[in-house]
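Please read the structure below before turning to the comments.
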Amino acid sequence: MFETLSFLGILLLAGFGVPLFIIMSLFALTAFSFTDVELSAVAIEIYRISSQASILTIPLFTFAGYMMAESKSPQRLLRFAEAALGWLPGGVAIVSLVICAFFTAFTGASGVTIIALGGLLYPILRNEDYSEKFSLGLITTSGSLGLLFPPSLPIILYGLVAKVDIDKLFLAGIIPGILLIVILSAWSIKNGNLSARKSKFDGAELVAAFKGSFLECLLPVGVLVGIYGGFTTATEAAALTAFYIFVIECFVYKDLDIFKDIPNVILDSMSLVGGILLILCCALGLTNYLVDEEIPMQILDMMREFLTNKYSFLLFLNIFLLIVGSLMDIFSAIIVVVPLITPIAEEFGVNPIHLAIIFLTNLEIGYITPPVGINLFISSFRFKKPVTELYKASFPFLILLIIALLIITYVPALSLYMVE
């Protein structure tokens with residue numbers, strides 16, 4: 001009776017809006033108090049993750065991404081992308097997709113992308129005669145579009161939790177990530193043909209824009225060549241990236257002042273990292289309880305009664321993850337859900353790399369899935385629009401992303417081609 005009342009009390013706190021990491025901590029502590037399992041198991045798991053060198057990539061890449069977002073890097077890269085692609089039908093929208101994907105990959109936070117780039121992209125889209133609904137939907141969706149590209153923080157965290165090679169995950173996400181952009185670009189071209197004006201291609205402007213953003217354009221190439229050329233590990237690449245961005249933004253472009261701006265960037269970026277690590281520690285308690293109680297095996301036994309093959313399992317998995325993505329932040333979902341689904345997916349013969357891309361794509365879509373997709377609320381705040389208006393604006397993009405998800409799910413070669 002006391003156990004039931006305890007869990008009901010926790011659910012009541014969740015209903016009052018208590019932060020999710022506190023709810024997970026309370027649930028884990030309460031659950032462990034009614035079992036014989038030692039809480040030291042949680043401390044051991046935290047130590048395992050914290051002792052991995054790869055965890056250093058999280059603060060380093062986050063710091064680099066925040067420095068870029070706070071500098072004039074978005075304007076330089078936007079000018080280059082617009083010069084290269086703006087002449088296409090729907091070119092301005094395609095530019096928005098590419099630039100947002102680039103910044104989300106480095107910051108790992110869709111909120112930063114929407115807030116930093118939304119103010120730049122929205123008036124450009126409107127000036128090109130795109131409807132308000134399309135413009136809002138595009139920016140809201142683009143905020144999480146780069147999560148499959150290296151060096152995305154969710155990819156790193158997934159690799160740490162699932163014990164999967166992070167370098168392989170970086171490669172595996174490239175083609176599926178491009179697929180998402182291509183599908184949304186096709187939708188943009190359709191809208192561009194109907195409503196947007198076409199600008200003329202200007203070779204001189206393209207060259208000038210490329211020269212202006214050359215140092216930043218080198219960055220993703222340098223990261224990939226460094227890691228997959230065998231010159232650096234992912235951690236070393238993260239350190240070099242942070243140092244490189246620090247040098248070019250403070251001493252070459254001089255967008256950031258080392259004494260006035262950098263301390264604020266450190267504070268903002270490490271606040272995000274601190275939040276991730278806090279969620280990590282709290283969620284590990286809940287995850288350990290679920291694993292110790294053999295919940296994954298119980299779920300597997302139940303699923304065997306209804307699911308007979310890998311394809312039906314993948315369909316069920318996508319539905320489940322879309323719901324999870326709309327209710328939980330991506331970092332909590334990775335830590336809590338990944339240890340539950342990996343043994344089940346292995347039983348059904350799903351490749352762990354392919355599973356990772358399916359999982360991350362679902363959580364990426366969850367950012368714009370009602371009722372509580374976080375991008376919807378960030379855009380609502382940024383553009384001062386009712387969240388219900390953002391629901392309507394992002395719905396066509398949601399459908400397109402789900403179509404892409406089905407392709408990624410049932411064509412595993414997209415995720416495994418570069419790895420194998």
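As shown in the structure tokens, the chain order sets the letters A, B, ...; within each chain, residues go from 1, and ligands are also counted from 1 in the order they appear.
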Original post:
Contacts of Val98 of chain A at 9 Å or less, counting only C-alpha atoms, minus same-chain residues fewer than 6 places along, as a ChimeraX atom specification?
Top reply: /A:81,142,145-146,181
Residues just named, written with C-alpha atoms as a JSON list (two decimals), in the first residue's frame:
[["chain", "number", "residue", "atom", "x", "y", "z"],
["A", 81, "ALA", "CA", 24.72, 29.14, -48.96],
["A", 142, "SER", "CA", 14.98, 22.81, -39.32],
["A", 145, "LEU", "CA", 17.47, 18.73, -38.66],
["A", 146, "GLY", "CA", 21.20, 18.28, -38.03],
["A", 181, "ILE", "CA", 17.22, 17.38, -46.29]]
**OP:** Rank nothing, just name the residue among A:Ala83, A:Leu29, A:Leu256, A:Ile378 nearest to Lys211 of chain A, using only C-alpha atoms.
**Re:** A:Ala83
Original post:
With only C-alpha atoms as the basis for distance, which of A:Ile399, A:Leu286, A:Ile341, A:Met67 is at the shortest distance from Ala162 of chain A?
Top reply: A:Ile341
**OP:** Check segment 83-135 of chain A with DSSP on the backbone and list each residue it calls helix (DSSP H, G or I), as a PyMOL selection string.
**Re:** chain A and resi 83-85+91-107+110-127+132-135
Take the selection from the previous step and output its residues with C-alpha atoms, as a PDB file, in the first residue's frame.
ATOM      1  CA  ALA A  83      24.900  32.523 -53.228  1.00  0.00           C
ATOM      2  CA  ALA A  84      25.349  28.810 -53.983  1.00  0.00           C
ATOM      3  CA  LEU A  85      21.728  27.650 -53.789  1.00  0.00           C
ATOM      4  CA  GLY A  91      16.573  27.928 -53.055  1.00  0.00           C
ATOM      5  CA  VAL A  92      16.158  30.204 -50.048  1.00  0.00           C
ATOM      6  CA  ALA A  93      14.260  27.466 -48.210  1.00  0.00           C
ATOM      7  CA  ILE A  94      16.944  24.917 -49.107  1.00  0.00           C
ATOM      8  CA  VAL A  95      19.554  27.339 -47.768  1.00  0.00           C
ATOM      9  CA  SER A  96      17.604  27.520 -44.507  1.00  0.00           C
ATOM     10  CA  LEU A  97      17.547  23.722 -44.221  1.00  0.00           C
ATOM     11  CA  VAL A  98      21.281  23.366 -44.834  1.00  0.00           C
ATOM     12  CA  ILE A  99      22.379  26.184 -42.523  1.00  0.00           C
ATOM     13  CA  CYS A 100      20.134  25.043 -39.664  1.00  0.00           C
ATOM     14  CA  ALA A 101      21.352  21.456 -40.044  1.00  0.00           C
ATOM     15  CA  PHE A 102      24.952  22.670 -39.872  1.00  0.00           C
ATOM     16  CA  PHE A 103      24.418  24.618 -36.658  1.00  0.00           C
ATOM     17  CA  THR A 104      22.298  21.989 -34.936  1.00  0.00           C
ATOM     18  CA  ALA A 105      24.998  19.396 -35.629  1.00  0.00           C
ATOM     19  CA  PHE A 106      27.544  21.504 -33.759  1.00  0.00           C
ATOM     20  CA  THR A 107      25.402  22.911 -30.949  1.00  0.00           C
ATOM     21  CA  SER A 110      17.588  22.926 -31.603  1.00  0.00           C
ATOM     22  CA  GLY A 111      16.639  25.861 -29.374  1.00  0.00           C
ATOM     23  CA  VAL A 112      19.960  27.558 -30.070  1.00  0.00           C
ATOM     24  CA  THR A 113      19.474  27.111 -33.824  1.00  0.00           C
ATOM     25  CA  ILE A 114      15.920  28.477 -33.860  1.00  0.00           C
ATOM     26  CA  ILE A 115      16.750  31.469 -31.672  1.00  0.00           C
ATOM     27  CA  ALA A 116      20.090  32.290 -33.352  1.00  0.00           C
ATOM     28  CA  LEU A 117      19.018  31.751 -36.973  1.00  0.00           C
ATOM     29  CA  GLY A 118      15.256  32.228 -36.865  1.00  0.00           C
ATOM     30  CA  GLY A 119      15.529  35.982 -36.780  1.00  0.00           C
ATOM     31  CA  LEU A 120      17.798  35.919 -39.849  1.00  0.00           C
ATOM     32  CA  LEU A 121      15.897  33.362 -41.915  1.00  0.00           C
ATOM     33  CA  TYR A 122      12.286  34.337 -41.268  1.00  0.00           C
ATOM     34  CA  PRO A 123      12.402  37.807 -42.924  1.00  0.00           C
ATOM     35  CA  ILE A 124      14.404  36.381 -45.862  1.00  0.00           C
ATOM     36  CA  LEU A 125      11.775  33.692 -46.457  1.00  0.00           C
ATOM     37  CA  ARG A 126       8.940  36.205 -46.183  1.00  0.00           C
ATOM     38  CA  ASN A 127      10.704  38.607 -48.562  1.00  0.00           C
ATOM     39  CA  GLU A 132       3.995  32.805 -43.068  1.00  0.00           C
ATOM     40  CA  LYS A 133       2.773  29.262 -42.409  1.00  0.00           C
ATOM     41  CA  PHE A 134       5.471  27.700 -44.604  1.00  0.00           C
ATOM     42  CA  SER A 135       8.224  29.916 -43.146  1.00  0.00           C
TER      43      SER A 135
END
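Separating atom CA of Gly90 of chain A from atom CA of Ala208 of chain A is a distance of 22.5 Å.
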**OP:** Just the residues within 7 Å of Ser394 of chain A, please, counting only C-alpha atoms, with nothing from its chain fewer than 4 positions along; format it as a ChimeraX atom specification.
**Re:** /A:137,140-141,368,390,398
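Between Arg79 of chain A and the candidates A:Val207, A:Leu184, A:Ala31, A:Leu171, the tightest atom-to-atom separation, counting only C-alpha atoms, involves A:Val207.
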Lys168 of chain A: which residues within 12 Å, counting only C-alpha atoms, same-chain residues fewer than 2 positions away excluded, as a PDB file with C-alpha atoms, in the first residue's frame?
ATOM      1  CA  PHE A 149      25.268  14.680 -38.712  1.00  0.00           C
ATOM      2  CA  PRO A 150      28.618  14.618 -36.908  1.00  0.00           C
ATOM      3  CA  PRO A 151      29.500  15.831 -34.357  1.00  0.00           C
ATOM      4  CA  ILE A 155      24.998  10.665 -31.436  1.00  0.00           C
ATOM      5  CA  ILE A 156      27.845  10.878 -28.928  1.00  0.00           C
ATOM      6  CA  TYR A 158      23.851   7.331 -27.744  1.00  0.00           C
ATOM      7  CA  GLY A 159      27.237   5.736 -28.397  1.00  0.00           C
ATOM      8  CA  LYS A 163      28.329   1.037 -26.094  1.00  0.00           C
ATOM      9  CA  VAL A 164      28.410   1.516 -29.867  1.00  0.00           C
ATOM     10  CA  ASP A 165      31.412   2.919 -31.755  1.00  0.00           C
ATOM     11  CA  ILE A 166      30.800   6.677 -32.015  1.00  0.00           C
ATOM     12  CA  PHE A 170      29.025   9.562 -37.226  1.00  0.00           C
ATOM     13  CA  LEU A 171      29.388   7.854 -40.614  1.00  0.00           C
ATOM     14  CA  ALA A 172      26.060   6.034 -40.423  1.00  0.00           C
ATOM     15  CA  GLY A 173      24.044   9.217 -39.953  1.00  0.00           C
ATOM     16  CA  ILE A 174      25.355  11.075 -43.011  1.00  0.00           C
ATOM     17  CA  LEU A 224      35.644  14.178 -40.809  1.00  0.00           C
ATOM     18  CA  ILE A 227      38.621  11.244 -37.520  1.00  0.00           C
ATOM     19  CA  TYR A 228      38.295   8.934 -40.526  1.00  0.00           C
ATOM     20  CA  ALA A 234      36.750  11.956 -31.803  1.00  0.00           C
ATOM     21  CA  PRO A 352      22.845  -1.923 -33.600  1.00  0.00           C
ATOM     22  CA  ILE A 353      24.109   0.834 -35.928  1.00  0.00           C
ATOM     23  CA  HIS A 354      20.851   0.793 -37.887  1.00  0.00           C
ATOM     24  CA  ALA A 356      20.821   3.944 -33.516  1.00  0.00           C
ATOM     25  CA  ILE A 357      19.880   5.858 -36.673  1.00  0.00           C
ATOM     26  CA  SER A 415      22.559   3.638 -42.521  1.00  0.00           C
ATOM     27  CA  LEU A 416      25.076   0.829 -43.050  1.00  0.00           C
ATOM     28  CA  TYR A 417      26.534   1.609 -46.480  1.00  0.00           C
ATOM     29  CA  MET A 418      29.306   3.952 -45.276  1.00  0.00           C
ATOM     30  CA  VAL A 419      30.002   1.812 -42.210  1.00  0.00           C
ATOM     31  CA  GLU A 420      30.341  -1.482 -44.025  1.00  0.00           C
TER      32      GLU A 420
END
**OP:** Write out as a PyMOL selection string which residues come within 10 Å of Met68 of chain A when counting only C-alpha atoms, dropping same-chain ones fewer than 2 positions away.
**Re:** chain A and resi 62-66+70-74+103+106-107+216+242+245-246+248-249+255-256+265
Filtering to C-alpha atoms, could you give me those residues as a PDB file, in the first residue's frame?
ATOM      1  CA  THR A  62      29.117  22.335 -27.450  1.00  0.00           C
ATOM      2  CA  PHE A  63      31.537  25.163 -26.645  1.00  0.00           C
ATOM      3  CA  ALA A  64      32.586  25.340 -30.312  1.00  0.00           C
ATOM      4  CA  GLY A  65      28.980  25.417 -31.506  1.00  0.00           C
ATOM      5  CA  TYR A  66      27.980  28.161 -29.090  1.00  0.00           C
ATOM      6  CA  GLU A  70      27.284  33.959 -30.927  1.00  0.00           C
ATOM      7  CA  SER A  71      29.620  35.243 -33.633  1.00  0.00           C
ATOM      8  CA  LYS A  72      28.787  36.446 -37.140  1.00  0.00           C
ATOM      9  CA  SER A  73      29.371  32.951 -38.476  1.00  0.00           C
ATOM     10  CA  PRO A  74      25.634  32.423 -39.213  1.00  0.00           C
ATOM     11  CA  PHE A 103      24.418  24.618 -36.658  1.00  0.00           C
ATOM     12  CA  PHE A 106      27.544  21.504 -33.759  1.00  0.00           C
ATOM     13  CA  THR A 107      25.402  22.911 -30.949  1.00  0.00           C
ATOM     14  CA  GLU A 216      34.198  28.016 -41.244  1.00  0.00           C
ATOM     15  CA  ALA A 242      36.997  24.181 -30.015  1.00  0.00           C
ATOM     16  CA  ILE A 245      36.809  28.196 -33.552  1.00  0.00           C
ATOM     17  CA  PHE A 246      38.160  30.119 -30.567  1.00  0.00           C
ATOM     18  CA  ILE A 248      39.235  32.358 -35.771  1.00  0.00           C
ATOM     19  CA  GLU A 249      36.286  34.012 -33.989  1.00  0.00           C
ATOM     20  CA  ASP A 255      33.584  38.762 -33.749  1.00  0.00           C
ATOM     21  CA  LEU A 256      34.014  37.783 -30.095  1.00  0.00           C
ATOM     22  CA  VAL A 265      29.586  31.757 -24.126  1.00  0.00           C
TER      23      VAL A 265
END
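Distances here use only C-alpha atoms; by that measure, the residue among A:Leu400, A:Ile10, A:Ala209, A:Ile374 closest to Leu77 of chain A is A:Ala209.
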**OP:** May I ask for the distance between atom CA of Tyr367 of chain A and atom CA of Leu88 of chain A, given in Å to one decimal place?
**Re:** 28.2 Å
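Closest approach to Leu206 of chain A among A:Phe80, A:Met303, A:Tyr289, A:Tyr130 is made by A:Phe80 (distances from only C-alpha atoms).
Between atom CA of Gln298 of chain A and atom CA of Pro343 of chain A there is a distance of 11.3 Å.
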Original post:
Which of these residues is nearest to Phe397 of chain A, using only C-alpha atoms: A:Ser185, A:Asn309, A:Thr235, A:Thr57?
Top reply: A:Ser185
**OP:** Fewer than 5 positions away in the same chain doesn't count, so skip those; otherwise give me all residues within 10 Å of Lys385 of chain A, counting only C-alpha atoms, as number ranges by chain.
**Re:** A: 136, 376-377, 379-380, 390
Using C-alpha atoms, can you export the residues from the last selection as a tab-separated table (two decimals), in the first residue's frame?
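Output saved as selection_35.tsv:
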chain	number	residue	atom	x	y	z
A	136	LEU	CA	7.31	29.12	-39.54
A	376	LEU	CA	7.00	24.02	-31.27
A	377	PHE	CA	7.26	25.90	-27.99
A	379	SER	CA	9.30	28.81	-32.09
A	380	SER	CA	6.14	29.96	-30.37
A	390	LEU	CA	2.95	26.13	-34.95
